[in-house]
Amino acid sequence: MRASVSPLSQSVGARTWRRFLRHRLAVASLLVLATLGVLAAAAPLVERALGVDAFTADLYHRLQGPSLAHPLGTDEIGRDHLVRLLYGGQVSLTVGLIAAFFSAVIGTVVGILAGYFGGRLDALLMRMTDSVIALPLLPLLIVLAAVDLEKLGLPAAIADSEDASLYRIVIIVSLVAWTTVARLVRAETLSMRKREFVRAAVALGARTDRILLTHILPNVVSPIVVATTLSVGNIILFESVLSFLGLGIQPPVASWGNMLSNAQDLVWSAPELATWPGIFIFVTVIAFNFLGDGLQDALDPRAGD
Amino acid sequence: MSRFLITRLFEALAVLAVMSFAIYGLIGLMPGDPIDLMINSDPKLTPADAVRLKALYGLDQPITERYFNWLMAALGGDLGYSRVHTKPVLEILIPRLGNTVLLLGVSLILALAIAIPVGIYAALKPYSKIDYAVNMFCFAGISLPPFWLALLLILLFAVVLGWLPAGGMETIGDAGYFGRIQYMILPVLTLTIHSVGGFTRFMRASMLQTLRQDFIRTARSKGLSESRVVTSHALRNALTPLVTVVALSFGGLFSGALITETMFGWRGMGKTIFDAIMGNDFNLALVGLLFATGFTLLGNFLADICYAWLDPRVSLTEEREG
């Protein structure tokens with residue numbers, strides 16, 4: 001932890017960027033993710049350009065091979081596979097990014113409070129974090145995903161709406177994905193708390209909320225960014241598993257997980273349907289992991305130039 | 001040391017108690033209702049019967065009361081019956097727990113047997129081509145969706161090559177060990193690929209960090225051979241933190257087991273829990289989830305004992321620095 005007040009502090013951003021560019025896999029991942037994001041956002045345009053319909057069954061053209069009209073062929077009820085993959089990408093990326101944001105918020109609050117106040121609060125919060133890490137999360141997520149929203153008192157109109165499965169998955173994944181951020185932020189806050197500038201702020205009589213928000217928070221941004229990037233990949237994996245098991249995103253909304261779930265039944269007759277959604281999940285997750293790794297190297301103050 | 005472990009034991013029990021209430025509450029919020037299911041299977045039941053049944057099973061009481069009654073019965077050894085299997089849940093869960101422990105145990109040993117030497121090797125040649133290749137494979141393993149990996153393995157080994165069965169646990173009439181092993185290969189392979197990347201990356205990082213320490217420099221400067229430095233000085237120190245990582249991975253391994261067992265039709269805890277949740281088998285789901293939670297916490301506790309034994313400093317510091 002040297003170099004916190006570097007004489008070259010005006011070039012910290014430039015130096016970080018330079019170090020990031022050296023991590024070729026991370027740069028490539030960023031490009032892949034940007035392309036994927038743009039394509040997914042443009043799914044309706046691609047749909048119109050190809051002149052296909054991603055949601056209406058067309059039983060005369062089921063399970064077709066790749067062609068000009070259908071670059072990746074059609075699925076078991078004749079819908080265009082590529083366009084459905086792009087719509088699935090919208091869902092997976094949206095869920096991944098939003099849930100990662102919420103878990104970053106929860107993790108940051110838990111981590112800063114535990115690290116700054118220490119003592120019993122720290123012990124309690126960190127035991128809670130350790131417990132969540134240790135729990136068998138998937139079975140618990142399955143139960144959470146199976147909970148009947150009407151029994152919770154939500155009106156049927158909301159509980160049965162098409163977006164409900166999306167909100168639900170964002171909420172339940174956020175409830176378990178915050179732990180890495182919390183641990184890293186706590187460790188960083190612990191070391192910040194003892195620094196001179198924080199002590200100076202305390203001595204000057206700054207209020208606690210001011211110390212936390214303007215002195216500590218900006219200094220713990222690096223671990224938050226790294227852990228959040230890495231968690232996007234994990235969240236997309238969780239979403240795809242739950243959707244695959246039939247508990248996440250519900251058809252007719254396409255997600256990579258529920259597309260694979262349909263393809264599983266057809267694995268003997270149409271193995272290519274099981275290939276593409278898996279490749280999309282794999283590439284997206286590995287890209288977020290490489291990106292996180294690259295950011296970690298670039299933002300690490302201990303690393304050399 | 002004993003004080004540390006006793007604190008840990010109480011914490012684990014507290015977590016288990018909190019989780020039992022949470023899971024109990026969540027199971028009650030799942031769609032369907034045990035009385036409705038009874039009515040569906042017997043059309044002669046009247047609404048008045050339904051009310052009487054609700055009172056008989058105590059379902060008309062508030063949740064805290066029901067939980068307390070259930071807890072008292074459970075502590076007395078009565079964990080209830082499975083609706084679908086019509087057997088006491090323990091009779092179903094115990095053999096399946098054995099199947100899961102077998103699956104997880106074999107793949108954990110296999111994953112560590114690969115991760116430890118490979119991680120050390122990568123740490124000894126940091127930033128070499130081999131190190132980069134290992135890193136790539138680790139990231140690939142971590143990022144592969146386990147259910148897709150299982151699907152691909154089934155496609156390759158069962159559909160295309162026809163070497164191994166696509167699922168199940170044994171060929172009927174063939175009780176031999178060899179016959180059973182072929183059913184284990186694909187599930188074990190899936191779980192091992194799923195967990196080996198994380199362990200390898202951790203082992204590499206831990207070894208790299210150990211090799212930077214002063215006592216390693218001392219060992220080198222007094223003229224020890226590099227192999228002696230690594231095997232008798234660095235190894236133990238680099239392995240100790242791996243214990244914690246393995247312990248913390250039990251929950252993740254169990255999640256992996258749930259997917260793997262479901263994909264390969266392996267009659268273990270994970271598949272049982274999943275089927276119970278999907279089939280409205282409330283008691284079986286509840287007890288299965290508690291077992292899974294309990295055994296993960298037990299695994300953690302055992303790892304704490306190992307850790308305290310391997311690293312005497314733990315007894316002095318009450319708290320692990322995160």
# chains A, B, ... in the order shown; residues from 1 in each chain; ligands from 1
>>> residues_around(residues="range 102-119 of chain A", least_positions_apart="3", cutoff="9 Å", atoms="only C-alpha atoms", output="MDAnalysis selection string")
chainID A and resid 97:99 122:126 129 170:171 173:193 212 216:217 220 224:225 227:228 231
>>> closest_atom_pairs(of="chain A", to="chain B", cutoff="6 Å", atoms="only C-alpha atoms", output="CSV")
residue,atom,partner,partner_atom,distance
A:Ala134,CA,B:Leu248,CA,5.1
A:Leu135,CA,B:Gly251,CA,4.9
A:Pro136,CA,B:Gly251,CA,3.8
A:Leu138,CA,B:Ser255,CA,5.0
A:Ala146,CA,B:Met30,CA,5.9
A:Val147,CA,B:Met30,CA,4.4
A:Asp148,CA,B:Pro31,CA,5.0
A:Lys151,CA,B:Leu29,CA,6.0
A:Gly278,CA,B:Trp148,CA,6.0
A:Phe282,CA,B:Leu144,CA,5.4
A:Val285,CA,B:Ser143,CA,5.5
A:Ile286,CA,B:Ser143,CA,5.1
>>> closest_residue(among="A:Arg79, A:Arg18, A:Arg48, A:His23", to="Leu291 in chain A", atoms="only C-alpha atoms")
A:His23
>>> residues_around(residues="range 97-107 of chain B", least_positions_apart="2", cutoff="8 Å", atoms="only C-alpha atoms", output="list in words")
Leu93, Ile94, Pro95, Ile109, Leu110, Ala111, Met184, Pro187, Val188, Leu189, Leu191, Thr192, Leu253, Phe254, Ala257, Trp266, Arg267, Gly268, Met269 and Gly270 of chain B
>>> closest_residue(among="A:Val202, A:Ile279, A:Ile169, A:Ala14", to="Val95 in chain A", atoms="only C-alpha atoms")
A:Ile169
>>> atom_distance(atom1="CA of Phe21 in chain B", atom2="CA of Pro139 in chain A")
15.7 Å
>>> closest_residue(among="B:Phe215, B:Ile120, B:Trp70, B:Phe264", to="Leu164 in chain B", atoms="only C-alpha atoms")
B:Phe264
>>> atom_distance(atom1="CA of Arg236 in chain B", atom2="CA of His194 in chain B")
25.5 Å
>>> select_by_dssp(residues="range 77-201 of chain A", states="helix (DSSP H, G or I)", output="count of residues only")
105
>>> residues_around(residues="Leu208 in chain B", least_positions_apart="3", cutoff="8 Å", atoms="only C-alpha atoms", output="compact mmCIF listing (two decimals) with C-alpha atoms, in the first residue's frame")
# COMPACT_ATOMS: atom_id res chain seq x y z
CA ALA B 123 3.71 -20.38 -9.26
CA LEU B 124 7.30 -21.58 -9.75
CA ARG B 204 -0.84 -20.52 -7.41
CA ALA B 205 -1.55 -17.22 -5.64
CA LEU B 211 7.73 -17.58 -1.97
CA ARG B 212 8.01 -13.80 -1.51
>>> residues_around(residues="Leu33 in chain A", least_positions_apart="2", cutoff="10 Å", atoms="only C-alpha atoms", output="list in words")
Val27, Ala28, Ser29, Leu30, Leu31, Thr35, Leu36, Gly37, Val38, Leu39, Leu93, Val283, Thr284, Val285, Ala287, Phe288 and Leu291 of chain A
>>> residues_around(residues="Leu260 in chain A", least_positions_apart="6", cutoff="12 Å", atoms="only C-alpha atoms", output="number ranges by chain")
A: 75-76, 81, 84-85, 88, 240-246, 251, 254, 266-267, 270-281; B: 145, 147-152
>>> residues_around(residues="Ile63 in chain B", least_positions_apart="5", cutoff="10 Å", atoms="only C-alpha atoms", output="number ranges by chain")
B: 21, 24-25, 28, 58, 68-69
>>> write_last_selection(atoms="C-alpha atoms", output="short mmCIF file (atom, residue, chain, number, x, y, z; two decimals), in the first residue's frame")
data_model
loop_
_atom_site.label_atom_id
_atom_site.label_comp_id
_atom_site.auth_asym_id
_atom_site.auth_seq_id
_atom_site.Cartn_x
_atom_site.Cartn_y
_atom_site.Cartn_z
CA PHE B 21 -36.58 -20.80 10.59
CA TYR B 24 -39.37 -23.33 7.25
CA GLY B 25 -40.96 -19.99 6.39
CA GLY B 28 -44.62 -22.42 3.57
CA GLY B 58 -52.05 -27.31 13.12
CA PHE B 68 -41.93 -24.11 17.31
CA ASN B 69 -44.07 -27.27 17.21
#
>>> atom_distance(atom1="CA of Leu242 in chain B", atom2="CA of Gln213 in chain B")
17.5 Å
